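**Q** I have a structure I would like to understand better, so I am pasting it below and will then ask my questions one at a time.
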Amino acid sequence: MPSKNRPRPGPISISSPIPRSPDGLLATPNSQYRSYPSPGASGSRSPRTPTRGGKKAKPRVYDEYDLSPTHAYLEQFNSYPSSPDPSHMPIQSPSPMDSPGTNNATEKDPAFGQNQFSSNHYLAPTLHPHGERNRPYPATGKTNRNNCIPTNPTKRKLLFFGVPVILVIIAGIAIGVVVGTQHKPSSDSSSSSGGSSKGSTGNTNGGTGGNSQTTWNQYIKPSSGGDGDTVTTDLGVQFKYVNKFGGHWAQNPYDPYSVSGRAQSWSPSLLEEWVWGTHIARGVNLGGWLVTEPFIVPALYEQYQTSTPQAVDEYTLSQAMGQDLATKMEEHYKTFITEEDFAAISAAGLNFVRIPLGYWAVETIEGEPYLPKVSWTYFLKAIGWARKYGIRIFADFHALPGSQNGWNHSGKSGSVNWMYGVMGIANAQRSLETIRTITEFILQDGIKEVVPMFGLVNEVMAKTVGTDVMQKFYYQAYKTIRDVTGYGTGNGPIIFLHEGFLGVAAWEGFLNGADRVGLDQHPYLAFGDINTAPHSEQAKTACGWGGGTNDSMTNFGLIMGGEWSNAINDCGLWLNGVGSTPSFSLAGNNCDEYDEWMNWTDDFKKGVLSYTMANMDALQNFFFWTWKIGNSTVKGYQTSPQWHYRLGWEQGWMPKDPRSAGGYCKTLGIGGNQFAGTYPASATGSFANGTPTIAATQLASHTLWPPPTLGPSFAVDQVSLLPTLTQTGSIVVLPTPSHPSNATNIGDGWANAQDTVGAWTRVEGCDYPDEYDAVNATVPAAVCTGASARKRNGLVPIPTAI
């Protein structure tokens with residue numbers, strides 16, 4: 001962290017940044033709402049001085065800026081859906097939600113009718129399987145003490161931490177006995193935690209080559225069942241399957257892609273077609289699982305607060321774990337999200353999950369401390385669980401080499417070094433290779449039905465990187481994917497672009513005519529101005545996003561609410577980074593009433609539920625952030641409850657049936673243009689001649705690669721000297737799921753046998769600066785050709801876009 005008295009050119013360096021997407025200025029006791037220099041501007045400084053250390057850490061000391069750690073990036077952003085135009089003004093006479101039709105086993109979400117937004121269907125109280133819809137709440141001010149959660153902090157620690165530890169010990173003994181009875185892996189089985197590499201000229205589709213997984217678990221047997229039946233997991237653990245929405249589960253390890261569960265009666269199984277405009281993605285993120293975040297898994301980080309280095313992100317956590325890295329990290333993967341979570345997600349009425357992935361799931365290079373490739377093993381488990389319970393996956397490239405935003409959930413907090421700085425192009429080329437590898441895997445038959453959506457870059461910092469530079473990368477990634485998949489419906493995933501906190505309306509016309517390109521928006525209120533109005537009032541703000549979302553879906557295509565939460569402030573342990581204090585508290589407000597969910601009154605829960613319903617209705621196709629928040633060993637309970645879907649679903653501030661949100665904004669008097677349920681043809685992969693045609697003006701603007709200029713201030717002659725990679729490396733092929741040796745229809749991890757170009761790799765003999773700290777590195781005086789004499793202007797040029 002630079003001295004606060006020294007001007008710092010380039011991006012702002014943050015030690016423990018906000019982990020989500022804020023927008024707006026947060027006040028502190030010593031500041032009024034002000035404006036500050038944009039990042040990279042002359043004289044810009046660090047936005048804050050964070051507190052380091054553990055329990056005995058000194059109070060936080062803020063520098064002269066006194067603002068949210070991400071506000072310096074985002075103060076001028078419009079990170080919400082487009083502002084309403086006059087056609088989105090409130091309806092003069094609010095009317096109640098329309099009555100639904102009769103449900104049956106083949107129910108699908110209806111075409112869009114009379115309500116404001118697309119998710120206009122809900123179950124009436126008499127049809128609601130839980131019988132809780134519109135249940136009256138106690139009068140305001142009455143505290144609900146009818147729960148078993150002790151209010152004494154010490155007792156809470158015993159309940160939330162001590163008891164689970166005892167249960168884990170008991171479960172570990174039981175699982176140890178169970179594992180002892182399993183078959184040993186065959187001698188020719190592949191490790192499930194690694195991927196195999198293929199030479200650039202080798203066979204890329206060997207069928208039963210070394211990449212096939214033949215290790216098989218005896219507990220995975222052909223089976224199926226419905227509500228009330230007993231499920232056996234791959235660990236031999238049994239639990240009762242509860243699904244009041246007509247869902248069921250199914251699996252067949254011998255022919256795994258011939259069967260599928262169904263999440264709910266109205267959600268198509270993976271053997272059926274998903275129709276955008278008819279079906280609605282109601283999803284949840286599995287944040288903190290395969291890419292860890294301190295506020296989501298505080299207990300994982302709390303044990304490394306006095307270590308060297310202090311764990312503030314996954315990079316430093318991995319370093320702090322040292323020799324325990326493999327054991328501790330895999331224990332986290334194994335226990336934080338399990339098969340039972342997928343069953344519960346379907347029981348909650350959800351049909352999609354968004355799973356963040358770090359690049360280390362695919363590969364790492366020397367010097368990077370992350371546990372390599374093991375998280376991919378658990379992504380494979382997620383694919384199996386998703387098929388078993390009829391859930392689809394939005395694969396999200398969450399953490400990129402060099403960091404695309406400087407926040408802890410990018411892997412390493414600090415400065416942006418992706419498409420920015422001396423290593424900007426090299427980090428981007430490496431990202432393209434990871435995108436290519438994942439695309440080859442999810443293109444496989446049986447996998448593509450489970451993973452129909454792929455997010456290219458999570459929360460890229462457009463304000464720093466530059467909109468034009470970011471768009472040029474998006475085009476390169478689009479070409480990388482479609483060169484592998486081909487074009488049209490069924491040929492690879494829908495490609496989602498994060499809108500860079502520019503607002504979805506800013507992207508109208510981008511790559512117009514491209515094959516199945518959608519936008520991912522993350523509207524949060526938590527990081528804006530200090531909100532003191534209750535959730536029920538803030539619900540009107542969320543409803544106001546619906547009109548802009550509708551307009552963008554009509555003009556652009558698929559729009560996902562890829563992240564949102566119930567948080568209307570930044571209360572929550574370490575939400576702003578390790579050691580941080582919420583700005584809401586610094587402004588003189590009390591976070592306890594938002595954090596201590598065990599003391600929430602029914603009236604407070606009703607307010608949170610109102611805000612939830614507004615977001616679900618306005619965003620339409622949504623993914624709540626996040627499914628689960630872990631216990632804190634210090635607090636003794638699950639923290640950040642405004643971000644915890646499962647807890648809210650169990651405790652009453654999330655709807656038992658998310659379809660009940662349909663038309664909710666209409667009851668608040670917030671109306672707008674109706675989405676008719678028809679997207680532009682190219683958005684769903686339909687083309688007159690079978691091939692998409694991108695507008696010529698878009699090709700002229702975005703196909704030049706590398707970009708001729710790059711931030712913070714590199715001119716054309718300097719960009720030509722920046723370090724780059726060469727396409728002479730061995731292809732990384734991701735391992736396939738475990739299966740019996742005689743299973744049928746199993747791919748080898750690489751779908752397109754014609755894709756044989758070498759992988760992007762560093763030029764042998766050339767020196768590269770630290771990929772995470774190269775913004776101010778020295779620009780080379782000449783292009784390095786290295787020992788292999790291959791470089792961008794040498795024997796292996798970077799291909800130009802067609």
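If you're wondering about the labels, chains in the structure tokens are A, B, ... by order shown, residues count from 1 in each chain, ligands from 1 in order shown.
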List every residue of region 601-785 of chain A that DSSP, applied to the backbone of this structure, assigns to strand (DSSP E), and report them as a list in words.
**A**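 Those residues are Phe622, Phe623, Phe624, Leu725, Thr726, Gln727, Thr728, Gly729, Ile731, Val732, Val733, Ala759, Trp760, Thr761 and Arg762 of chain A.
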**Q** Mind dumping the selected residues with N, CA and C atoms as a short mmCIF file (atom, residue, chain, number, x, y, z; two decimals), in the first residue's frame?
**A**
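Result file is result.cif:
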data_model
loop_
_atom_site.label_atom_id
_atom_site.label_comp_id
_atom_site.auth_asym_id
_atom_site.auth_seq_id
_atom_site.Cartn_x
_atom_site.Cartn_y
_atom_site.Cartn_z
N PHE A 622 -32.52 -14.48 -12.84
CA PHE A 622 -31.68 -13.98 -11.76
C PHE A 622 -30.85 -15.07 -11.10
N PHE A 623 -29.76 -14.62 -10.43
CA PHE A 623 -28.89 -15.48 -9.64
C PHE A 623 -28.53 -14.73 -8.36
N PHE A 624 -29.13 -15.11 -7.25
CA PHE A 624 -28.86 -14.45 -5.97
C PHE A 624 -27.42 -14.74 -5.53
N LEU A 725 2.59 -13.72 -25.26
CA LEU A 725 2.79 -15.16 -25.24
C LEU A 725 2.86 -15.69 -26.67
N THR A 726 3.22 -16.94 -26.80
CA THR A 726 3.30 -17.59 -28.10
C THR A 726 2.46 -18.86 -28.09
N GLN A 727 1.84 -19.19 -29.21
CA GLN A 727 0.95 -20.36 -29.29
C GLN A 727 1.75 -21.62 -29.67
N THR A 728 2.67 -21.98 -28.79
CA THR A 728 3.50 -23.17 -29.02
C THR A 728 3.45 -24.13 -27.84
N GLY A 729 2.58 -23.87 -26.87
CA GLY A 729 2.51 -24.70 -25.68
C GLY A 729 1.65 -25.94 -25.87
N ILE A 731 -1.50 -28.20 -25.13
CA ILE A 731 -2.89 -27.98 -24.77
C ILE A 731 -3.21 -28.67 -23.45
N VAL A 732 -3.91 -27.98 -22.57
CA VAL A 732 -4.36 -28.58 -21.32
C VAL A 732 -5.77 -29.13 -21.55
N VAL A 733 -5.93 -30.41 -21.35
CA VAL A 733 -7.23 -31.06 -21.51
C VAL A 733 -7.77 -31.39 -20.13
N ALA A 759 -1.17 -24.13 -27.35
CA ALA A 759 -1.68 -23.26 -26.30
C ALA A 759 -0.80 -22.02 -26.15
N TRP A 760 -1.42 -20.92 -25.71
CA TRP A 760 -0.66 -19.73 -25.40
C TRP A 760 0.26 -20.03 -24.22
N THR A 761 1.53 -19.74 -24.37
CA THR A 761 2.51 -20.01 -23.31
C THR A 761 3.60 -18.95 -23.37
N ARG A 762 4.33 -18.82 -22.28
CA ARG A 762 5.41 -17.83 -22.24
C ARG A 762 6.56 -18.23 -23.18
#
**Q** Name the residues of region 199-341 of chain A that come out as alpha helix (DSSP H) in a backbone DSSP run; write them as a CSV table (one decimal) with all heavy atoms, in the first residue's frame.
**A**
chain,number,residue,atom,x,y,z
A,298,PRO,N,-15.7,-17.0,6.5
A,298,PRO,CA,-14.8,-16.4,7.5
A,298,PRO,C,-14.0,-17.3,8.3
A,298,PRO,O,-12.8,-17.0,8.6
A,298,PRO,CB,-15.8,-15.6,8.3
A,298,PRO,CG,-17.1,-16.2,8.2
A,298,PRO,CD,-17.1,-16.7,6.7
A,299,ALA,N,-14.5,-18.5,8.6
A,299,ALA,CA,-13.8,-19.4,9.5
A,299,ALA,C,-12.5,-19.9,8.8
A,299,ALA,O,-11.5,-20.2,9.4
A,299,ALA,CB,-14.7,-20.6,9.9
A,300,LEU,N,-12.6,-20.0,7.5
A,300,LEU,CA,-11.4,-20.5,6.7
A,300,LEU,C,-10.3,-19.4,6.8
A,300,LEU,O,-9.1,-19.8,6.9
A,300,LEU,CB,-11.8,-20.7,5.2
A,300,LEU,CG,-10.8,-21.4,4.3
A,300,LEU,CD1,-10.5,-22.8,4.8
A,300,LEU,CD2,-11.2,-21.4,2.9
A,301,TYR,N,-10.6,-18.2,6.9
A,301,TYR,CA,-9.7,-17.1,6.9
A,301,TYR,C,-9.3,-16.7,8.3
A,301,TYR,O,-8.2,-16.2,8.6
A,301,TYR,CB,-10.2,-15.8,6.2
A,301,TYR,CG,-10.1,-15.9,4.7
A,301,TYR,CD1,-11.0,-16.7,3.9
A,301,TYR,CD2,-9.0,-15.3,4.0
A,301,TYR,CE1,-10.8,-16.8,2.5
A,301,TYR,CE2,-8.9,-15.3,2.6
A,301,TYR,CZ,-9.8,-16.1,1.9
A,301,TYR,OH,-9.7,-16.2,0.5
A,302,GLU,N,-10.2,-16.8,9.3
A,302,GLU,CA,-9.9,-16.4,10.6
A,302,GLU,C,-8.7,-17.1,11.3
A,302,GLU,O,-8.0,-16.5,12.1
A,302,GLU,CB,-11.2,-16.6,11.5
A,302,GLU,CG,-12.3,-15.6,11.2
A,302,GLU,CD,-13.6,-16.0,11.9
A,302,GLU,OE1,-13.8,-17.2,12.1
A,302,GLU,OE2,-14.4,-15.1,12.1
A,314,GLU,N,-7.5,-15.3,-1.7
A,314,GLU,CA,-7.1,-16.7,-1.9
A,314,GLU,C,-5.6,-16.8,-2.1
A,314,GLU,O,-4.9,-17.8,-1.8
A,314,GLU,CB,-7.9,-17.4,-3.0
A,314,GLU,CG,-7.6,-18.9,-3.0
A,314,GLU,CD,-8.7,-19.7,-3.6
A,314,GLU,OE1,-9.9,-19.2,-3.7
A,314,GLU,OE2,-8.4,-20.8,-4.0
A,315,TYR,N,-5.0,-15.8,-2.7
A,315,TYR,CA,-3.5,-15.8,-3.0
A,315,TYR,C,-2.8,-15.9,-1.6
A,315,TYR,O,-1.9,-16.8,-1.4
A,315,TYR,CB,-3.2,-14.5,-3.7
A,315,TYR,CG,-1.8,-14.5,-4.3
A,315,TYR,CD1,-1.5,-14.8,-5.6
A,315,TYR,CD2,-0.7,-14.1,-3.5
A,315,TYR,CE1,-0.2,-14.7,-6.1
A,315,TYR,CE2,0.6,-14.0,-4.0
A,315,TYR,CZ,0.8,-14.3,-5.3
A,315,TYR,OH,2.1,-14.3,-5.8
A,316,THR,N,-3.1,-14.9,-0.7
A,316,THR,CA,-2.4,-14.9,0.6
A,316,THR,C,-2.8,-16.1,1.5
A,316,THR,O,-2.1,-16.6,2.3
A,316,THR,CB,-2.5,-13.6,1.3
A,316,THR,OG1,-4.0,-13.3,1.3
A,316,THR,CG2,-1.8,-12.5,0.5
A,317,LEU,N,-4.1,-16.5,1.3
A,317,LEU,CA,-4.6,-17.6,2.1
A,317,LEU,C,-3.8,-18.9,1.7
A,317,LEU,O,-3.4,-19.7,2.6
A,317,LEU,CB,-6.0,-17.9,1.8
A,317,LEU,CG,-6.7,-19.1,2.5
A,317,LEU,CD1,-6.7,-19.0,4.0
A,317,LEU,CD2,-8.1,-19.4,1.9
A,318,SER,N,-3.5,-19.1,0.4
A,318,SER,CA,-2.8,-20.2,-0.1
A,318,SER,C,-1.4,-20.2,0.5
A,318,SER,O,-0.8,-21.2,0.9
A,318,SER,CB,-2.8,-20.3,-1.6
A,318,SER,OG,-4.1,-20.3,-2.1
A,319,GLN,N,-0.7,-19.0,0.5
A,319,GLN,CA,0.6,-18.8,1.0
A,319,GLN,C,0.6,-19.2,2.5
A,319,GLN,O,1.5,-19.8,3.0
A,319,GLN,CB,1.1,-17.4,0.8
A,319,GLN,CG,1.4,-17.1,-0.7
A,319,GLN,CD,1.8,-15.7,-0.9
A,319,GLN,OE1,1.3,-14.8,-0.2
A,319,GLN,NE2,2.8,-15.5,-1.7
A,320,ALA,N,-0.4,-18.6,3.3
A,320,ALA,CA,-0.5,-18.8,4.7
A,320,ALA,C,-0.7,-20.3,5.1
A,320,ALA,O,-0.1,-20.8,6.1
A,320,ALA,CB,-1.6,-18.0,5.3
A,321,MET,N,-1.4,-21.0,4.3
A,321,MET,CA,-1.6,-22.4,4.5
A,321,MET,C,-0.4,-23.3,4.4
A,321,MET,O,-0.2,-24.3,5.0
A,321,MET,CB,-2.7,-23.0,3.6
A,321,MET,CG,-4.1,-22.5,4.0
A,321,MET,SD,-5.4,-23.2,2.8
A,321,MET,CE,-6.9,-22.8,3.7
A,325,LEU,N,-1.8,-26.7,2.5
A,325,LEU,CA,-2.7,-26.1,1.5
A,325,LEU,C,-3.6,-27.2,0.9
A,325,LEU,O,-4.8,-27.0,0.8
A,325,LEU,CB,-1.8,-25.5,0.4
A,325,LEU,CG,-2.6,-25.0,-0.9
A,325,LEU,CD1,-3.6,-23.9,-0.5
A,325,LEU,CD2,-1.6,-24.5,-1.9
A,326,ALA,N,-3.0,-28.3,0.4
A,326,ALA,CA,-3.8,-29.3,-0.3
A,326,ALA,C,-4.9,-29.9,0.7
A,326,ALA,O,-6.0,-30.1,0.3
A,326,ALA,CB,-2.9,-30.4,-0.8
A,327,THR,N,-4.5,-30.2,1.9
A,327,THR,CA,-5.4,-30.8,2.9
A,327,THR,C,-6.5,-29.8,3.3
A,327,THR,O,-7.7,-30.1,3.2
A,327,THR,CB,-4.7,-31.2,4.1
A,327,THR,OG1,-3.7,-32.2,3.8
A,327,THR,CG2,-5.6,-31.9,5.1
A,328,LYS,N,-6.1,-28.6,3.6
A,328,LYS,CA,-7.1,-27.6,4.1
A,328,LYS,C,-8.0,-27.1,3.0
A,328,LYS,O,-9.3,-27.0,3.2
A,328,LYS,CB,-6.4,-26.4,4.7
A,328,LYS,CG,-5.6,-26.7,6.0
A,328,LYS,CD,-6.6,-26.9,7.2
A,328,LYS,CE,-5.9,-27.0,8.5
A,328,LYS,NZ,-5.3,-25.8,9.0
A,329,MET,N,-7.5,-26.9,1.8
A,329,MET,CA,-8.3,-26.4,0.8
A,329,MET,C,-9.3,-27.4,0.3
A,329,MET,O,-10.5,-27.2,0.0
A,329,MET,CB,-7.5,-25.8,-0.4
A,329,MET,CG,-8.3,-25.0,-1.4
A,329,MET,SD,-9.0,-23.5,-0.6
A,329,MET,CE,-7.6,-22.5,-0.5
A,330,GLU,N,-8.8,-28.7,0.1
A,330,GLU,CA,-9.7,-29.7,-0.3
A,330,GLU,C,-10.8,-30.0,0.7
A,330,GLU,O,-11.9,-30.3,0.4
A,330,GLU,CB,-9.0,-31.0,-0.7
A,330,GLU,CG,-9.9,-32.0,-1.3
A,330,GLU,CD,-9.3,-33.0,-2.2
A,330,GLU,OE1,-8.0,-33.1,-2.2
A,330,GLU,OE2,-10.0,-33.8,-2.9
A,331,GLU,N,-10.5,-29.9,2.0
A,331,GLU,CA,-11.5,-30.1,3.0
A,331,GLU,C,-12.6,-29.0,2.9
A,331,GLU,O,-13.8,-29.3,3.1
A,331,GLU,CB,-10.9,-30.0,4.4
A,331,GLU,CG,-11.8,-30.2,5.6
A,331,GLU,CD,-12.4,-31.6,5.6
A,331,GLU,OE1,-11.9,-32.5,5.0
A,331,GLU,OE2,-13.4,-31.7,6.3
A,332,HIS,N,-12.2,-27.8,2.5
A,332,HIS,CA,-13.2,-26.8,2.3
A,332,HIS,C,-14.0,-27.1,1.1
A,332,HIS,O,-15.3,-27.0,1.2
A,332,HIS,CB,-12.4,-25.4,2.0
A,332,HIS,CG,-13.3,-24.4,1.3
A,332,HIS,ND1,-14.4,-23.8,2.0
A,332,HIS,CD2,-13.3,-23.9,0.1
A,332,HIS,CE1,-15.0,-23.0,1.1
A,332,HIS,NE2,-14.3,-23.0,0.0
A,333,TYR,N,-13.4,-27.5,0.0
A,333,TYR,CA,-14.2,-27.9,-1.2
A,333,TYR,C,-15.2,-29.0,-0.9
A,333,TYR,O,-16.3,-29.0,-1.3
A,333,TYR,CB,-13.3,-28.4,-2.3
A,333,TYR,CG,-12.3,-27.4,-2.9
A,333,TYR,CD1,-11.1,-27.8,-3.4
A,333,TYR,CD2,-12.6,-26.0,-3.0
A,333,TYR,CE1,-10.2,-26.9,-4.0
A,333,TYR,CE2,-11.8,-25.1,-3.5
A,333,TYR,CZ,-10.5,-25.5,-4.0
A,333,TYR,OH,-9.6,-24.6,-4.5
A,334,LYS,N,-14.8,-29.9,-0.1
A,334,LYS,CA,-15.5,-31.1,0.2
A,334,LYS,C,-16.7,-30.9,1.1
A,334,LYS,O,-17.8,-31.5,1.0
A,334,LYS,CB,-14.6,-32.2,0.8
A,334,LYS,CG,-15.3,-33.6,1.0
A,334,LYS,CD,-14.3,-34.5,1.8
A,334,LYS,CE,-13.0,-34.7,1.0
A,334,LYS,NZ,-12.1,-35.6,1.7
A,335,THR,N,-16.6,-29.9,2.0
A,335,THR,CA,-17.6,-29.7,3.0
A,335,THR,C,-18.5,-28.4,2.8
A,335,THR,O,-19.6,-28.4,3.3
A,335,THR,CB,-17.0,-29.6,4.4
A,335,THR,OG1,-16.0,-28.6,4.4
A,335,THR,CG2,-16.3,-30.9,4.7
A,336,PHE,N,-18.0,-27.4,2.1
A,336,PHE,CA,-18.8,-26.2,2.1
A,336,PHE,C,-20.0,-26.3,1.2
A,336,PHE,O,-21.1,-25.9,1.5
A,336,PHE,CB,-17.9,-25.0,1.5
A,336,PHE,CG,-18.6,-23.7,1.6
A,336,PHE,CD1,-18.9,-23.1,2.8
A,336,PHE,CD2,-18.9,-23.0,0.5
A,336,PHE,CE1,-19.6,-21.9,2.9
A,336,PHE,CE2,-19.5,-21.8,0.5
A,336,PHE,CZ,-19.9,-21.2,1.7
A,339,GLU,N,-23.6,-32.4,-2.2
A,339,GLU,CA,-24.7,-32.9,-3.0
A,339,GLU,C,-26.1,-32.5,-2.3
A,339,GLU,O,-27.0,-32.2,-3.0
A,339,GLU,CB,-24.7,-34.4,-3.1
A,339,GLU,CG,-25.8,-35.0,-4.0
A,339,GLU,CD,-25.7,-36.5,-4.2
A,339,GLU,OE1,-24.5,-37.0,-4.2
A,339,GLU,OE2,-26.7,-37.1,-4.4
A,340,GLU,N,-26.1,-32.5,-1.0
A,340,GLU,CA,-27.4,-32.1,-0.4
A,340,GLU,C,-27.8,-30.7,-0.6
A,340,GLU,O,-29.0,-30.4,-0.6
A,340,GLU,CB,-27.2,-32.4,1.2
A,340,GLU,CG,-27.1,-33.8,1.5
A,340,GLU,CD,-26.9,-34.0,3.0
A,340,GLU,OE1,-27.9,-33.7,3.8
A,340,GLU,OE2,-25.9,-34.6,3.5
A,341,ASP,N,-26.8,-29.8,-0.9
A,341,ASP,CA,-27.1,-28.4,-1.3
A,341,ASP,C,-27.8,-28.4,-2.6
A,341,ASP,O,-28.8,-27.6,-2.8
A,341,ASP,CB,-25.8,-27.6,-1.3
A,341,ASP,CG,-25.3,-27.3,0.0
A,341,ASP,OD1,-25.9,-26.6,0.8
A,341,ASP,OD2,-24.1,-27.7,0.4
**Q** Do you know which residues are at most 12 Å from Tyr768 (chain A) counting only C-alpha atoms, after dropping those on the same chain fewer than 4 positions away, and could you put them as a PyMOL selection string?
**A** chain A and resi 366-367+422-427+722-725+761-764+772-774+777-780+783-784+786
**Q** Can I get the selection written as a tab-separated table (two decimals), in the first residue's frame, with N, CA and C atoms?
**A**
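That gives us out.tsv:
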chain	number	residue	atom	x	y	z
A	366	GLU	N	4.64	-21.34	-12.51
A	366	GLU	CA	5.58	-21.28	-11.40
A	366	GLU	C	5.46	-19.95	-10.66
A	367	GLY	N	5.42	-20.04	-9.34
A	367	GLY	CA	5.35	-18.84	-8.52
A	367	GLY	C	3.96	-18.51	-8.03
A	422	VAL	N	1.86	-3.41	-18.00
A	422	VAL	CA	2.86	-4.08	-18.83
A	422	VAL	C	2.49	-5.53	-19.12
A	423	MET	N	1.85	-6.22	-18.17
A	423	MET	CA	1.46	-7.61	-18.38
A	423	MET	C	0.01	-7.74	-18.87
A	424	GLY	N	-0.60	-6.66	-19.23
A	424	GLY	CA	-2.02	-6.67	-19.59
A	424	GLY	C	-2.36	-7.58	-20.75
A	425	ILE	N	-1.57	-7.55	-21.83
A	425	ILE	CA	-1.85	-8.37	-23.00
A	425	ILE	C	-1.53	-9.84	-22.72
A	426	ALA	N	-0.40	-10.10	-22.06
A	426	ALA	CA	-0.02	-11.48	-21.76
A	426	ALA	C	-1.06	-12.14	-20.85
A	427	ASN	N	-1.55	-11.41	-19.86
A	427	ASN	CA	-2.59	-11.97	-18.98
A	427	ASN	C	-3.89	-12.22	-19.75
A	722	LEU	N	5.34	-4.64	-25.46
A	722	LEU	CA	4.90	-5.28	-24.22
A	722	LEU	C	5.06	-6.80	-24.31
A	723	PRO	N	5.32	-7.46	-23.19
A	723	PRO	CA	5.45	-8.93	-23.20
A	723	PRO	C	4.17	-9.60	-23.71
A	724	THR	N	4.33	-10.62	-24.52
A	724	THR	CA	3.20	-11.40	-25.01
A	724	THR	C	3.55	-12.88	-24.93
A	725	LEU	N	2.59	-13.72	-25.26
A	725	LEU	CA	2.79	-15.16	-25.24
A	725	LEU	C	2.86	-15.69	-26.67
A	761	THR	N	1.53	-19.74	-24.37
A	761	THR	CA	2.51	-20.01	-23.31
A	761	THR	C	3.60	-18.95	-23.37
A	762	ARG	N	4.33	-18.82	-22.28
A	762	ARG	CA	5.41	-17.83	-22.24
A	762	ARG	C	6.56	-18.23	-23.18
A	763	VAL	N	7.19	-17.23	-23.73
A	763	VAL	CA	8.30	-17.46	-24.66
A	763	VAL	C	9.52	-17.89	-23.86
A	764	GLU	N	10.07	-19.03	-24.21
A	764	GLU	CA	11.23	-19.55	-23.49
A	764	GLU	C	12.41	-18.60	-23.61
A	772	TYR	N	0.80	-9.94	-11.37
A	772	TYR	CA	-0.11	-9.19	-10.50
A	772	TYR	C	0.42	-7.80	-10.14
A	773	ASP	N	1.63	-7.48	-10.55
A	773	ASP	CA	2.22	-6.21	-10.12
A	773	ASP	C	3.13	-5.66	-11.21
A	774	ALA	N	2.52	-5.32	-12.34
A	774	ALA	CA	3.33	-4.87	-13.47
A	774	ALA	C	2.82	-3.58	-14.09
A	777	ALA	N	5.79	-1.46	-14.20
A	777	ALA	CA	7.03	-2.13	-14.61
A	777	ALA	C	7.63	-1.44	-15.83
A	778	THR	N	8.90	-1.67	-16.05
A	778	THR	CA	9.59	-1.05	-17.18
A	778	THR	C	9.16	-1.69	-18.49
A	779	VAL	N	8.83	-0.87	-19.45
A	779	VAL	CA	8.48	-1.37	-20.78
A	779	VAL	C	9.76	-1.83	-21.47
A	780	PRO	N	9.79	-3.04	-22.01
A	780	PRO	CA	11.01	-3.52	-22.67
A	780	PRO	C	11.44	-2.58	-23.80
A	783	VAL	N	11.52	-6.16	-28.51
A	783	VAL	CA	10.75	-7.40	-28.40
A	783	VAL	C	11.69	-8.54	-28.06
A	784	CYS	N	11.32	-9.32	-27.04
A	784	CYS	CA	12.13	-10.47	-26.66
A	784	CYS	C	11.73	-11.67	-27.52
A	786	GLY	N	13.56	-14.60	-27.26
A	786	GLY	CA	13.83	-15.74	-26.42
A	786	GLY	C	14.64	-16.82	-27.11
**Q** Select, from A:Gly287, A:Asp468, A:Asp229, A:Gln303, the residue with the minimum atom-to-atom distance to His702 (chain A), counting only C-alpha atoms.
**A**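 Closest to His702 (chain A) of all the choices is A:Asp468.
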**Q** Need the shell around Phe239 (chain A): protein/DNA/RNA residues with any atom at most 7 Å away, counting only C-alpha atoms. Skip same-chain ones fewer than 6 positions apart. Format as a PDB file with N, CA and C atoms, in the first residue's frame?
**A**
ATOM      1  N   THR A 230     -35.332 -41.801  -0.140  1.00  0.00           N
ATOM      2  CA  THR A 230     -33.997 -41.681   0.438  1.00  0.00           C
ATOM      3  C   THR A 230     -32.947 -41.638  -0.663  1.00  0.00           C
ATOM      4  N   VAL A 231     -32.080 -40.662  -0.583  1.00  0.00           N
ATOM      5  CA  VAL A 231     -30.979 -40.492  -1.534  1.00  0.00           C
ATOM      6  C   VAL A 231     -29.691 -40.972  -0.882  1.00  0.00           C
ATOM      7  N   THR A 232     -28.859 -41.646  -1.655  1.00  0.00           N
ATOM      8  CA  THR A 232     -27.519 -42.012  -1.213  1.00  0.00           C
ATOM      9  C   THR A 232     -26.506 -41.217  -2.019  1.00  0.00           C
TER      10      THR A 232
END
